[in-house]
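A.B. asks: Below is the file input34.cif, which contains mmCIF, C-alpha atoms.
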```cif
data_my_file
#
loop_
_atom_site.label_atom_id
_atom_site.label_comp_id
_atom_site.auth_asym_id
_atom_site.auth_seq_id
_atom_site.Cartn_x
_atom_site.Cartn_y
_atom_site.Cartn_z
CA MET D 20 -29.48 -13.67 37.89
CA ASP D 21 -28.69 -17.41 38.04
CA VAL D 22 -26.27 -19.72 36.23
CA GLU D 23 -28.83 -20.53 33.53
CA GLY D 24 -29.18 -16.83 32.80
CA LEU D 25 -25.40 -16.55 32.47
CA LYS D 26 -25.35 -19.48 30.06
CA GLU D 27 -27.96 -17.76 27.90
CA ASP D 28 -25.96 -14.51 27.91
CA LEU D 29 -22.87 -16.46 26.88
CA ARG D 30 -24.76 -18.20 24.07
CA GLN D 31 -26.07 -14.87 22.76
CA ALA D 32 -22.56 -13.36 22.94
CA ARG D 33 -21.07 -16.26 20.98
CA ILE D 34 -23.73 -15.88 18.29
CA PHE D 35 -23.09 -12.14 18.08
CA PHE D 36 -19.30 -12.44 17.78
CA SER D 37 -19.57 -15.31 15.27
CA ARG D 38 -21.50 -13.00 12.97
CA MET D 39 -19.84 -9.65 13.67
CA PHE D 40 -16.27 -10.40 14.80
CA PRO D 41 -15.31 -14.07 14.22
CA PHE D 42 -11.94 -13.76 15.95
CA MET D 43 -13.69 -13.55 19.32
CA ALA D 44 -15.92 -16.57 18.77
CA ILE D 45 -13.12 -19.13 19.11
CA PRO D 46 -11.45 -18.05 22.39
CA LEU D 47 -14.88 -17.33 23.90
CA SER D 48 -15.94 -20.90 23.10
CA TYR D 49 -12.74 -22.49 24.43
CA MET D 50 -12.34 -20.63 27.74
CA ARG D 51 -13.45 -22.06 31.06
CA ILE D 52 -16.09 -19.86 32.74
CA ILE D 53 -17.43 -20.02 36.29
CA ALA D 54 -19.99 -18.00 38.25
CA VAL D 55 -19.16 -16.68 41.71
CA PRO D 56 -21.46 -14.78 44.10
CA LYS D 57 -19.40 -11.58 44.20
CA LEU D 58 -16.04 -10.14 43.09
CA PRO D 59 -14.34 -7.31 45.04
CA ASN D 60 -14.70 -4.52 42.48
CA ALA D 61 -15.31 -6.03 39.04
CA TYR D 62 -18.13 -7.55 37.03
CA ALA D 63 -15.78 -10.30 35.90
CA GLY D 64 -12.12 -11.25 36.08
CA VAL D 65 -9.59 -13.84 34.99
CA THR D 66 -7.73 -16.02 37.48
CA PRO D 67 -3.97 -16.77 37.38
CA LYS D 68 -4.74 -19.97 35.41
CA GLY D 69 -6.94 -18.19 32.90
CA VAL D 70 -10.42 -19.06 34.19
CA LEU D 71 -13.07 -16.37 33.64
CA ALA D 72 -15.01 -15.70 36.85
CA ILE D 73 -18.28 -13.73 36.60
CA SER D 74 -19.92 -11.98 39.55
CA ILE D 75 -23.58 -13.10 39.57
CA GLU D 76 -24.66 -10.24 41.83
CA ASP D 77 -23.26 -7.53 39.56
CA TRP D 78 -23.90 -9.22 36.21
CA ALA D 79 -27.67 -8.75 36.46
CA GLU D 80 -27.21 -4.96 36.43
CA LEU D 81 -25.60 -4.95 32.98
CA GLY D 82 -27.30 -4.44 29.65
CA ARG D 83 -26.73 -6.60 26.59
CA GLU D 84 -24.13 -4.29 24.99
CA HIS D 85 -22.26 -3.93 28.27
CA LYS D 86 -22.09 -7.72 28.71
CA ARG D 87 -20.63 -8.08 25.23
CA TRP D 88 -17.96 -5.54 26.11
CA VAL D 89 -17.05 -7.40 29.33
CA PHE D 90 -16.68 -10.68 27.41
CA PHE D 91 -14.52 -8.96 24.79
CA HIS D 92 -12.33 -7.26 27.41
CA GLU D 93 -11.72 -10.36 29.53
CA VAL D 94 -11.05 -12.60 26.54
CA LEU D 95 -8.41 -10.15 25.29
CA HIS D 96 -6.69 -10.28 28.68
CA LEU D 97 -6.27 -14.02 28.11
CA VAL D 98 -5.42 -13.76 24.42
CA LEU D 99 -2.64 -11.30 25.32
CA GLN D 100 -1.66 -13.62 28.22
CA HIS D 101 -1.80 -10.87 30.83
CA PRO D 102 -2.51 -13.26 33.77
CA PHE D 103 0.68 -15.18 32.93
CA ARG D 104 2.84 -12.13 32.22
CA CYS D 105 2.27 -10.63 35.68
CA GLU D 106 2.74 -13.80 37.73
CA ARG D 107 6.11 -12.69 39.16
CA LEU D 108 4.94 -9.26 40.26
CA GLY D 109 4.24 -8.39 43.87
CA LYS D 110 0.75 -7.82 45.21
CA GLU D 111 1.19 -4.03 45.21
CA GLU D 112 2.47 -3.98 41.62
CA LYS D 113 -0.28 -6.04 40.01
CA PRO D 114 -2.90 -3.25 40.01
CA LEU D 115 -0.46 -1.09 38.03
CA PHE D 116 0.07 -3.95 35.56
CA ASN D 117 -3.72 -4.38 35.41
CA PHE D 118 -3.96 -0.66 34.62
CA ALA D 119 -1.45 -0.99 31.76
CA GLY D 120 -3.11 -4.17 30.49
CA ASP D 121 -6.53 -2.52 30.47
CA GLY D 122 -5.13 0.28 28.34
CA LYS D 123 -3.83 -2.20 25.76
CA THR D 124 -7.00 -4.33 25.65
CA ASN D 125 -9.37 -1.37 25.45
CA HIS D 126 -7.29 0.16 22.66
CA LEU D 127 -7.61 -3.08 20.69
CA ILE D 128 -11.37 -3.11 21.25
CA SER D 129 -11.53 0.34 19.66
CA TYR D 130 -10.12 -1.21 16.45
CA SER D 131 -12.91 -3.81 16.23
CA ASN D 132 -15.37 -1.39 14.57
CA LEU D 133 -18.11 -2.57 16.94
CA SER D 134 -18.67 0.71 18.76
CA GLY D 135 -22.41 0.64 18.08
CA TYR D 136 -22.77 -2.85 19.53
CA LEU D 137 -20.63 -2.53 22.66
CA GLN D 138 -21.06 -0.33 25.71
CA PRO D 139 -17.92 0.16 27.82
CA PRO D 140 -18.27 1.28 31.44
CA LYS D 141 -17.56 4.86 32.43
CA ASP D 142 -13.99 5.95 33.13
CA ILE D 143 -12.35 2.98 31.43
CA VAL D 144 -8.57 2.92 31.10
CA THR D 145 -7.42 4.08 27.68
CA LEU D 146 -4.02 4.75 26.16
CA GLN D 147 -5.01 8.41 26.05
CA ARG D 148 -5.45 8.35 29.82
CA ILE D 149 -2.12 6.60 30.30
CA SER D 150 -0.49 9.10 27.93
CA SER D 151 -1.62 11.98 30.15
CA ILE D 152 0.06 10.30 33.13
CA VAL D 153 3.39 9.24 31.63
CA LYS D 154 3.68 12.15 29.14
CA VAL D 155 4.31 9.82 26.21
CA PRO D 156 2.38 10.10 22.90
CA VAL D 157 -0.33 7.53 22.24
CA GLU D 158 1.44 6.56 19.00
CA THR D 159 4.49 5.54 21.04
CA LEU D 160 2.41 3.64 23.60
CA GLU D 161 0.83 1.65 20.77
CA GLN D 162 4.26 0.27 19.89
CA MET D 163 5.17 -0.62 23.48
CA SER D 164 4.51 -3.90 25.24
CA VAL D 165 2.34 -4.02 28.35
CA GLU D 166 5.49 -4.55 30.44
CA GLU D 167 7.08 -1.37 29.06
CA ILE D 168 3.90 0.62 29.73
CA PHE D 169 3.75 -0.85 33.24
CA ASN D 170 7.33 0.27 33.92
CA LEU D 171 6.51 3.79 32.73
CA VAL D 172 3.37 4.01 34.86
CA ARG D 173 5.25 2.70 37.89
CA LYS D 174 7.78 5.53 37.62
CA HIS D 175 5.07 8.21 37.58
CA VAL D 176 2.49 6.96 40.09
CA GLU D 177 2.43 4.55 43.03
CA THR D 178 -1.29 3.75 43.00
CA VAL D 179 -4.08 4.00 40.44
CA GLU D 180 -7.84 3.67 40.51
CA VAL D 181 -8.56 0.60 38.41
CA THR D 182 -11.09 -2.20 38.26
CA VAL D 183 -8.91 -5.17 39.19
CA ASP D 184 -9.92 -7.98 36.85
CA LEU D 185 -6.58 -9.82 36.89
CA LEU D 186 -7.44 -11.83 39.98
CA GLU D 187 -4.95 -12.84 42.66
CA GLU D 188 -6.05 -16.46 43.16
CA GLU D 189 -8.12 -19.31 41.80
CA LEU D 190 -11.82 -19.28 42.71
CA ASP D 191 -14.50 -21.92 43.15
CA GLY D 192 -17.88 -21.42 41.56
CA ALA D 193 -20.66 -22.91 39.50
CA VAL D 194 -19.49 -23.97 36.04
CA VAL D 195 -21.01 -21.91 33.24
CA GLN D 196 -18.82 -23.40 30.50
CA GLU D 197 -16.30 -26.22 30.81
CA GLY D 198 -14.31 -25.06 27.80
CA ASP D 199 -11.23 -26.84 26.49
CA PRO D 200 -10.10 -29.69 28.80
CA ALA D 201 -6.51 -28.43 28.39
CA LEU D 202 -7.60 -25.20 30.11
CA GLY D 203 -9.06 -26.97 33.13
CA ALA D 204 -8.44 -25.84 36.67
CA GLY D 205 -6.08 -28.77 37.32
CA GLU D 206 -3.70 -28.01 34.46
CA LYS D 207 -0.28 -26.43 34.96
CA ARG D 208 0.11 -22.74 34.19
CA ASP D 209 2.74 -23.33 31.49
CA GLU D 210 0.47 -25.78 29.71
CA VAL D 211 -2.48 -23.37 29.92
CA LYS D 212 -0.29 -20.55 28.57
CA ARG D 213 0.87 -22.71 25.65
CA ARG D 214 -2.69 -23.78 24.88
CA TRP D 215 -3.91 -20.18 24.85
CA ALA D 216 -1.21 -19.31 22.31
CA GLU D 217 -2.49 -22.14 20.08
CA ILE D 218 -6.08 -20.94 20.43
CA THR D 219 -5.05 -17.40 19.52
CA ARG D 220 -3.25 -18.57 16.37
CA THR D 221 -6.34 -20.55 15.37
CA ALA D 222 -8.57 -17.53 15.95
CA LEU D 223 -6.28 -15.31 13.86
CA SER D 224 -6.32 -17.77 10.95
CA TYR D 225 -10.10 -18.15 11.14
CA ALA D 226 -10.67 -14.38 11.21
CA LYS D 227 -8.32 -13.85 8.25
CA MET D 228 -10.22 -16.40 6.19
CA ALA D 229 -13.46 -14.65 7.11
CA GLY D 230 -11.91 -11.34 6.03
CA THR D 231 -13.04 -9.48 9.14
CA LEU D 232 -9.76 -8.82 10.95
CA PRO D 233 -8.65 -5.15 11.04
CA ALA D 234 -4.92 -4.77 10.42
CA GLU D 235 -4.37 -2.71 13.59
CA PHE D 236 -6.12 -5.35 15.69
CA GLU D 237 -4.02 -8.12 14.15
CA ARG D 238 -0.78 -6.25 14.86
CA GLY D 239 -1.78 -5.81 18.49
CA ILE D 240 -2.58 -9.50 18.93
CA SER D 241 0.56 -10.64 17.09
CA GLU D 242 2.67 -8.95 19.78
CA ILE D 243 2.66 -12.15 21.84
CA PHE D 244 4.23 -14.14 18.97
CA GLU D 245 7.09 -11.71 18.28
CA VAL D 246 10.22 -13.11 19.88
CA LYS D 247 13.07 -10.60 19.97
CA PRO D 248 16.51 -11.83 21.03
CA PRO D 249 17.99 -10.26 24.18
CA TRP D 250 19.76 -7.00 23.52
CA GLN D 251 23.09 -8.55 24.48
CA ILE D 252 22.83 -11.07 21.61
CA THR D 253 21.70 -8.39 19.15
CA LEU D 254 24.68 -6.26 20.15
CA ARG D 255 27.19 -9.09 19.84
CA MET D 256 25.95 -10.33 16.47
CA GLY D 257 25.58 -6.81 15.08
CA ILE D 258 29.16 -5.83 15.87
CA ARG D 259 30.43 -9.05 14.33
CA THR D 260 28.78 -8.13 11.02
CA CYS D 261 31.20 -5.20 10.78
CA GLU D 262 34.16 -7.59 10.58
CA LYS D 263 34.78 -7.99 6.85
CA GLN D 264 37.58 -10.06 5.35
CA ASP D 265 39.12 -10.02 1.89
CA SER D 266 42.21 -11.61 0.37
CA SER D 267 45.25 -10.32 -1.50
CA PHE D 268 48.45 -11.81 -2.91
CA ALA D 269 50.27 -8.94 -1.19
CA TYR D 270 49.79 -10.84 2.08
CA PRO D 271 51.26 -14.30 2.75
CA SER D 272 48.98 -17.29 3.21
CA ARG D 273 49.64 -20.20 5.58
CA ARG D 274 48.42 -22.56 2.87
CA GLY D 275 51.25 -21.65 0.50
CA ASP D 276 52.63 -18.94 -1.78
CA GLN D 277 50.16 -19.82 -4.54
CA TYR D 278 47.24 -18.65 -2.35
CA PRO D 279 46.27 -15.07 -1.43
CA GLY D 280 46.59 -14.04 2.20
CA PRO D 281 43.82 -12.62 4.40
CA LEU D 282 43.15 -8.91 4.39
CA GLY D 283 40.92 -7.46 7.11
CA TYR D 284 39.22 -4.09 7.00
CA LYS D 285 39.50 -2.05 10.17
CA TYR D 286 36.35 -0.52 11.58
CA SER D 287 35.49 1.55 14.63
CA VAL D 288 32.59 1.37 17.08
CA TRP D 289 30.85 4.57 18.14
CA CYS D 290 28.75 4.58 21.33
CA LEU D 291 26.56 7.66 21.76
CA VAL D 292 25.44 7.73 25.41
CA ASP D 293 22.61 9.96 26.67
CA THR D 294 23.74 11.42 30.02
CA SER D 295 20.47 13.14 30.94
CA GLY D 296 18.39 10.14 31.92
CA SER D 297 18.21 6.95 33.94
CA ILE D 298 20.98 4.80 32.43
CA SER D 299 22.70 3.25 35.44
CA GLU D 300 26.45 2.80 35.73
CA PRO D 301 26.15 -1.04 36.05
CA LEU D 302 24.10 -1.20 32.84
CA LEU D 303 26.55 1.11 31.07
CA ARG D 304 29.50 -0.97 32.29
CA GLN D 305 27.86 -4.18 31.07
CA PHE D 306 27.05 -2.61 27.72
CA LEU D 307 30.56 -1.25 27.15
CA GLY D 308 32.08 -4.55 28.27
CA ILE D 309 30.15 -6.44 25.59
CA VAL D 310 31.05 -3.82 22.98
CA LYS D 311 34.75 -3.90 23.88
CA HIS D 312 34.91 -7.71 23.87
CA GLU D 313 33.10 -8.18 20.56
CA ALA D 314 34.98 -5.27 18.95
CA ARG D 315 38.42 -6.57 19.97
CA ASN D 316 39.42 -6.65 16.29
CA ALA D 317 38.16 -3.12 15.71
CA PHE D 318 40.46 -0.17 15.17
CA GLU D 319 39.00 1.68 18.15
CA VAL D 320 35.91 1.98 20.37
CA TYR D 321 34.78 5.56 20.95
CA CYS D 322 32.16 6.97 23.31
CA ILE D 323 30.43 10.33 23.02
CA ALA D 324 28.35 11.54 25.96
CA TRP D 325 25.50 13.90 25.05
CA ASP D 326 22.37 15.61 26.32
CA ALA D 327 21.56 18.97 24.70
CA GLU D 328 24.97 18.85 22.96
CA ALA D 329 27.66 16.32 22.13
CA TYR D 330 30.67 16.27 24.49
CA ASP D 331 34.27 15.16 24.06
CA ILE D 332 35.16 11.80 22.56
CA LEU D 333 36.33 9.10 25.01
CA LYS D 334 38.28 6.02 23.98
CA ALA D 335 36.91 2.88 25.61
CA HIS D 336 40.16 1.05 26.37
CA ASN D 337 38.77 0.21 29.82
CA PRO D 338 34.95 -0.14 29.85
CA GLY D 339 34.72 0.30 33.62
CA GLU D 340 36.73 3.52 33.57
CA VAL D 341 34.68 4.95 30.69
CA ALA D 342 31.45 3.98 32.47
CA ARG D 343 32.57 5.90 35.55
CA LYS D 344 33.49 8.96 33.49
CA ILE D 345 30.15 8.99 31.68
CA ALA D 346 28.22 8.20 34.87
CA GLY D 347 29.75 11.33 36.38
CA LYS D 348 28.05 13.36 33.67
CA MET D 349 24.61 11.91 34.44
CA LYS D 350 22.50 14.76 35.73
CA GLY D 351 18.88 13.89 34.89
CA GLY D 352 16.18 16.35 33.90
CA GLY D 353 14.91 17.47 30.53
CA GLY D 354 16.45 19.37 27.67
CA THR D 355 17.70 16.30 25.83
CA VAL D 356 18.24 16.98 22.12
CA ILE D 357 19.81 14.37 19.87
CA LEU D 358 20.11 16.26 16.56
CA PRO D 359 23.53 17.90 17.29
CA THR D 360 24.91 14.49 18.27
CA LEU D 361 23.64 12.85 15.07
CA LYS D 362 25.25 15.58 12.98
CA LYS D 363 28.56 15.24 14.82
CA ALA D 364 28.51 11.45 14.48
CA CYS D 365 27.85 11.71 10.74
CA ARG D 366 31.02 13.77 10.39
CA LEU D 367 33.15 11.33 12.38
CA VAL D 368 31.79 7.91 11.43
CA ARG D 369 33.45 6.18 8.50
CA PRO D 370 31.51 3.89 6.14
CA GLY D 371 31.19 0.45 7.73
CA ASP D 372 31.63 1.58 11.34
CA ALA D 373 29.22 0.43 14.03
CA VAL D 374 27.00 3.07 15.69
CA ILE D 375 25.13 2.32 18.92
CA ILE D 376 22.97 4.88 20.75
CA LEU D 377 22.04 4.55 24.44
CA THR D 378 19.21 6.67 25.81
CA ASP D 379 16.32 6.62 28.26
CA GLY D 380 14.10 7.69 25.36
CA ASP D 381 13.05 11.09 26.72
CA ILE D 382 14.31 13.13 23.76
CA SER D 383 12.53 16.37 22.96
CA ASP D 384 13.26 16.41 19.21
CA LYS D 385 12.75 12.70 18.44
CA GLY D 386 9.53 13.43 16.57
CA SER D 387 10.89 16.05 14.18
CA GLU D 388 11.37 15.25 10.51
CA GLU D 389 14.92 16.68 10.49
CA THR D 390 15.92 14.30 13.30
CA ARG D 391 14.48 11.33 11.41
CA GLN D 392 16.44 12.35 8.30
CA TRP D 393 19.71 12.45 10.24
CA PHE D 394 18.92 9.05 11.76
CA ARG D 395 18.58 7.72 8.20
CA ARG D 396 21.85 9.34 7.06
CA LEU D 397 23.80 7.93 9.98
CA ALA D 398 22.27 4.45 9.59
CA ALA D 399 23.04 4.43 5.86
CA LYS D 400 26.69 5.21 6.59
CA ALA D 401 27.09 2.65 9.39
CA GLY D 402 27.74 -1.04 8.99
CA PHE D 403 25.58 -1.71 12.06
CA ALA D 404 23.17 0.73 13.69
CA MET D 405 21.37 0.02 16.98
CA LEU D 406 19.43 2.20 19.42
CA GLY D 407 18.99 0.91 22.96
CA TYR D 408 16.47 2.59 25.28
CA THR D 409 15.76 2.06 28.97
CA ASP D 410 12.29 3.66 29.25
CA THR D 411 10.60 5.05 26.13
CA PRO D 412 10.99 3.78 22.54
CA VAL D 413 12.49 6.21 20.05
CA PRO D 414 11.48 6.19 16.36
CA ALA D 415 14.88 5.91 14.67
CA PRO D 416 14.64 5.03 10.95
CA GLY D 417 17.39 2.63 9.92
CA PHE D 418 18.31 1.71 13.50
CA MET D 419 17.55 -1.57 15.22
CA GLU D 420 15.66 -0.72 18.44
CA ARG D 421 16.08 -2.73 21.63
CA HIS D 422 14.87 -2.29 25.21
CA LEU D 423 17.87 -2.43 27.58
CA ILE D 424 17.50 -4.23 30.90
CA LEU D 425 20.40 -5.01 33.22
CA SER D 426 20.87 -8.77 33.40
CA GLU D 427 23.49 -11.46 33.26
CA ALA D 428 25.47 -11.05 30.05
#
```
Can you dump the structure from the file as structure tokens?

C.D. replies:
Amino acid sequence: MDVEGLKEDLRQARIFFSRMFPFMAIPLSYMRIIAVPKLPNAYAGVTPKGVLAISIEDWAELGREHKRWVFFHEVLHLVLQHPFRCERLGKEEKPLFNFAGDGKTNHLISYSNLSGYLQPPKDIVTLQRISSIVKVPVETLEQMSVEEIFNLVRKHVETVEVTVDLLEEELDGAVVQEGDPALGAGEKRDEVKRRWAEITRTALSYAKMAGTLPAEFERGISEIFEVKPPWQITLRMGIRTCEKQDSSFAYPSRRGDQYPGPLGYKYSVWCLVDTSGSISEPLLRQFLGIVKHEARNAFEVYCIAWDAEAYDILKAHNPGEVARKIAGKMKGGGGTVILPTLKKACRLVRPGDAVIILTDGDISDKGSEETRQWFRRLAAKAGFAMLGYTDTPVPAPGFMERHLILSEA
């Protein structure tokens, strides 16, 4: 196999995707592609700056359908910006990120409805395979980002067998396709990342006009455009929404007797903290500190520790002291059930109060219909409802879900 043969394979792949899956045609035409003699353990891979490198020695062994699959897989790595999202990881961590990224890309390929035209290699990484490792349902993994899946995998295994196609360094090779000048080897990584986001938006628009973009595939690609504010901001702004003001002539006004005075409605903040998992004391202290500061006009801030049952109510006058008390109840292990806590909170919470749940996400009854109903009841009663998780997302109807990471507040 020579460079001319690679160029012909690329031309045939572009023709195929233009007809069968137009979304792929645009990024495949824009990307820079080079040919190298040999890659360590992959047919192809993408460099840290987003250049597709193809192993000439191994490429000749592949059939037409297999080559199409490799193009699809590597392009999705770039569309989802995996080379840029793992740039700060250490050398030992990148294979685990590659493993998580492969699961996401291969799951998206399964939504393309091209199974008869593509031939994946044996033992590819799938979300089903990852699910068997981390003991999390595939439906939950579908909703998680590649970083969240990577963190889960890292907690369960130290090494994995994976074809490493997120390459460590830039490579030199014969040019198969120059691609977009903005994606050239001399461009800065931030500029290349920005340009790939533009290309992806263009491809999405083009595929929508062609009417060939499956909804599940579009949702997976749109992940990179969803910008969620940090959980600290969500928490601050959410608590502030509970502060409601009215006016009454029964209260004096600084503007004069002819004006009604301000009347504020008192509310409470309820923090339901899971003590069975991996919530650290520093994270808990930071969380309670933000709650106490933003809820300084509240009637009271309460904390309820829970695992299989709900424990006594603690008043959060001093966030550090409450964090130490709750941290002392942290025991780890399974048996976490949230339903009794939701029922207890529904009895105690007054309309308009803020309810915030902290958990690692490993809750045994989170999938039951009764639990979802009590989530809805509690959220309907609360003025602000948020669920923060450290590991695994929790389907909580009516609650705003945020991934909690310890950082500077």

A.B. asks: So the first atom is atom CA of Gly82 of chain D and the second is atom CA of Arg33 of chain D; what is the distance between them in Å, to one decimal place?

C.D. replies: 15.9 Å

A.B. asks: The PyMOL selection byres ((chain D and resi 255) around 12) - which residues does that actually catch in the file I just gave you? List them as a list in words.

C.D. replies: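 Matching residues under the PyMOL selection byres ((chain D and resi 255) around 12) are Pro248, Pro249, Trp250, Gln251, Ile252, Thr253, Leu254, Met256, Gly257, Ile258, Arg259, Thr260, Cys261, Glu262, Phe306, Leu307, Gly308, Ile309, Val310, Lys311, His312, Glu313, Ala314, Arg315, Ala373, Ile375, Phe403, Met405 and Ala428 of chain D.
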
A.B. asks: What does the PyMOL selection byres ((chain D and resi 189) around 6) select in this file, as a PyMOL selection string?

C.D. replies: chain D and resi 66+188+190

A.B. asks: Those selected residues, please, written with C-alpha atoms and delivered as a short mmCIF file (atom, residue, chain, number, x, y, z; two decimals), keeping the file's coordinate frame.

C.D. replies:
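File produced: out_37.cif:
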```cif
data_model
loop_
_atom_site.label_atom_id
_atom_site.label_comp_id
_atom_site.auth_asym_id
_atom_site.auth_seq_id
_atom_site.Cartn_x
_atom_site.Cartn_y
_atom_site.Cartn_z
CA THR D 66 -7.73 -16.02 37.48
CA GLU D 188 -6.05 -16.46 43.16
CA LEU D 190 -11.82 -19.28 42.71
#
```

A.B. asks: As an exercise, work out the distance from atom CA of Ser383 of chain D to atom CA of Gln305 of chain D in Å and give it to one decimal place.

C.D. replies: 26.9 Å

A.B. asks: Exactly which residues make up the result of the PyMOL selection byres ((chain D and resi 362-366) around 9) on this file, given as a list in words?

C.D. replies: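 Selected by the PyMOL selection byres ((chain D and resi 362-366) around 9) here: Trp289, Leu291, Ile323, Ala329, Ile357, Leu358, Pro359, Thr360, Leu361, Leu367, Val368, Arg369, Val374, Trp393, Arg396, Leu397 and Lys400 of chain D.
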
A.B. asks: Any chance you can output those residues with C-alpha atoms as a PDB file, keeping the file's coordinate frame?

C.D. replies:
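The new file out.pdb reads:
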```
ATOM      1  CA  TRP D 289      30.850   4.570  18.140  1.00  0.00           C
ATOM      2  CA  LEU D 291      26.560   7.660  21.760  1.00  0.00           C
ATOM      3  CA  ILE D 323      30.430  10.330  23.020  1.00  0.00           C
ATOM      4  CA  ALA D 329      27.660  16.320  22.130  1.00  0.00           C
ATOM      5  CA  ILE D 357      19.810  14.370  19.870  1.00  0.00           C
ATOM      6  CA  LEU D 358      20.110  16.260  16.560  1.00  0.00           C
ATOM      7  CA  PRO D 359      23.530  17.900  17.290  1.00  0.00           C
ATOM      8  CA  THR D 360      24.910  14.490  18.270  1.00  0.00           C
ATOM      9  CA  LEU D 361      23.640  12.850  15.070  1.00  0.00           C
ATOM     10  CA  LEU D 367      33.150  11.330  12.380  1.00  0.00           C
ATOM     11  CA  VAL D 368      31.790   7.910  11.430  1.00  0.00           C
ATOM     12  CA  ARG D 369      33.450   6.180   8.500  1.00  0.00           C
ATOM     13  CA  VAL D 374      27.000   3.070  15.690  1.00  0.00           C
ATOM     14  CA  TRP D 393      19.710  12.450  10.240  1.00  0.00           C
ATOM     15  CA  ARG D 396      21.850   9.340   7.060  1.00  0.00           C
ATOM     16  CA  LEU D 397      23.800   7.930   9.980  1.00  0.00           C
ATOM     17  CA  LYS D 400      26.690   5.210   6.590  1.00  0.00           C
TER      18      LYS D 400
END
```

A.B. asks: Grab the atom CA of Cys322 of chain D to atom CA of Ile382 of chain D distance for me, in Å with one decimal place.

C.D. replies: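 About the pair atom CA of Cys322 of chain D and atom CA of Ile382 of chain D: they are 18.9 Å apart.
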
A.B. asks: Mind working out the centre and edge lengths of an axis-aligned box for segment 305-318 of chain D, all listed atoms inside, 4 Å added to each side, rounded to one decimal in Å and written as AutoDock Vina command-line options?

C.D. replies:
```
--center_x 33.8 --center_y -4.2 --center_z 23.1 --size_x 21.4 --size_y 16.0 --size_z 23.9
```

A.B. asks: Name the closest residue to Ser241 of chain D among the candidates D:Met50, D:Leu127, D:Val176, D:Ala193; distances are taken between atoms, counting all atoms listed in the file.

C.D. replies: D:Leu127

A.B. asks: Residues at most 12 Å from Arg220 of chain D, counting only C-alpha atoms, excluding those fewer than 3 positions away in the same chain, as a list of chain:residue names?

C.D. replies: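 Skipping anything fewer than 3 positions along the chain leaves D:Phe42, D:Met43, D:Ile45, D:Pro46, D:Val98, D:Leu99, D:Arg213, D:Arg214, D:Trp215, D:Ala216, D:Glu217, D:Leu223, D:Ser224, D:Tyr225, D:Ala226, D:Lys227, D:Glu237, D:Ile240, D:Ser241, D:Glu242, D:Ile243, D:Phe244.
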
A.B. asks: Do you know which residues are at most 7 Å from Asp410 of chain D counting all atoms listed in the file, after dropping those on the same chain fewer than 4 positions away, and could you put them as a CSV table (one decimal) with C-alpha atoms, in the coordinates of the input?

C.D. replies:
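Just written: selection.csv:
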```
chain,number,residue,atom,x,y,z
D,171,LEU,CA,6.5,3.8,32.7
D,379,ASP,CA,16.3,6.6,28.3
D,380,GLY,CA,14.1,7.7,25.4
```

A.B. asks: Which residues, written as JSON, numbers by chain, have at least one atom at most 12 Å from Ser134 of chain D, with only C-alpha atoms counted and residues fewer than 4 positions away on the same chain left out?

C.D. replies: {"D": [39, 84, 85, 87, 88, 125, 127, 128, 129, 130, 138, 139]}

A.B. asks: Given the point (18.4, 6.1, 27.7) in the file's coordinates, find the residues that have an atom at most 12 Å from it, counting all atoms listed in the file, and give them as a PyMOL selection string.

C.D. replies: chain D and resi 291-300+302-303+324-326+349+351+355+357+375-382+406-413+420-424

A.B. asks: Pick from D:Pro414, D:Phe91, D:Glu319, D:Arg107: nearest to Met163 of chain D, with all atoms listed in the file counted?

C.D. replies: D:Pro414

A.B. asks: Using only C-alpha atoms, determine which residues lie at most 9 Å from Ser164 of chain D, disregarding the query and same-chain residues fewer than 4 positions distant; provide the list as a PyMOL selection string.

C.D. replies: chain D and resi 123+160+168-169+242

A.B. asks: Which residue, D:Val181, D:Ile52, D:Ala32, D:Ala398, has the smallest gap to Leu115 of chain D when you use only C-alpha atoms?

C.D. replies: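 So, comparing all the options, the nearest one is D:Val181.
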
A.B. asks: Hey, which of D:Phe118, D:Gly417, D:Arg343, D:Val153 ends up closest to Arg395 of chain D? Count only C-alpha atoms.

C.D. replies: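 Residue with the minimum atom-to-atom distance to Arg395 of chain D: D:Gly417.
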
A.B. asks: Between D:Thr159, D:Ser131, D:Ser37, D:Ser151, which is the closest to Val172 of chain D once you count all atoms listed in the file?

C.D. replies: D:Ser151

A.B. asks: Because some atoms of segment 303-308 of chain D are absent here, can you restore N, CA and C atoms and send them as an mmCIF file, in the coordinates of the input?

C.D. replies:
```cif
data_model
loop_
_atom_site.group_PDB
_atom_site.id
_atom_site.type_symbol
_atom_site.label_atom_id
_atom_site.label_comp_id
_atom_site.auth_asym_id
_atom_site.auth_seq_id
_atom_site.Cartn_x
_atom_site.Cartn_y
_atom_site.Cartn_z
ATOM 1 N N LEU D 303 25.584 0.533 32.001
ATOM 2 C CA LEU D 303 26.550 1.110 31.070
ATOM 3 C C LEU D 303 27.833 0.296 31.047
ATOM 4 N N ARG D 304 28.284 -0.168 32.222
ATOM 5 C CA ARG D 304 29.500 -0.970 32.290
ATOM 6 C C ARG D 304 29.305 -2.307 31.563
ATOM 7 N N GLN D 305 28.142 -2.921 31.754
ATOM 8 C CA GLN D 305 27.860 -4.180 31.070
ATOM 9 C C GLN D 305 27.812 -3.975 29.557
ATOM 10 N N PHE D 306 27.165 -2.914 29.140
ATOM 11 C CA PHE D 306 27.050 -2.610 27.720
ATOM 12 C C PHE D 306 28.429 -2.399 27.086
ATOM 13 N N LEU D 307 29.243 -1.543 27.705
ATOM 14 C CA LEU D 307 30.560 -1.250 27.150
ATOM 15 C C LEU D 307 31.469 -2.470 27.189
ATOM 16 N N GLY D 308 31.285 -3.324 28.206
ATOM 17 C CA GLY D 308 32.080 -4.550 28.270
ATOM 18 C C GLY D 308 31.797 -5.462 27.096
#
```
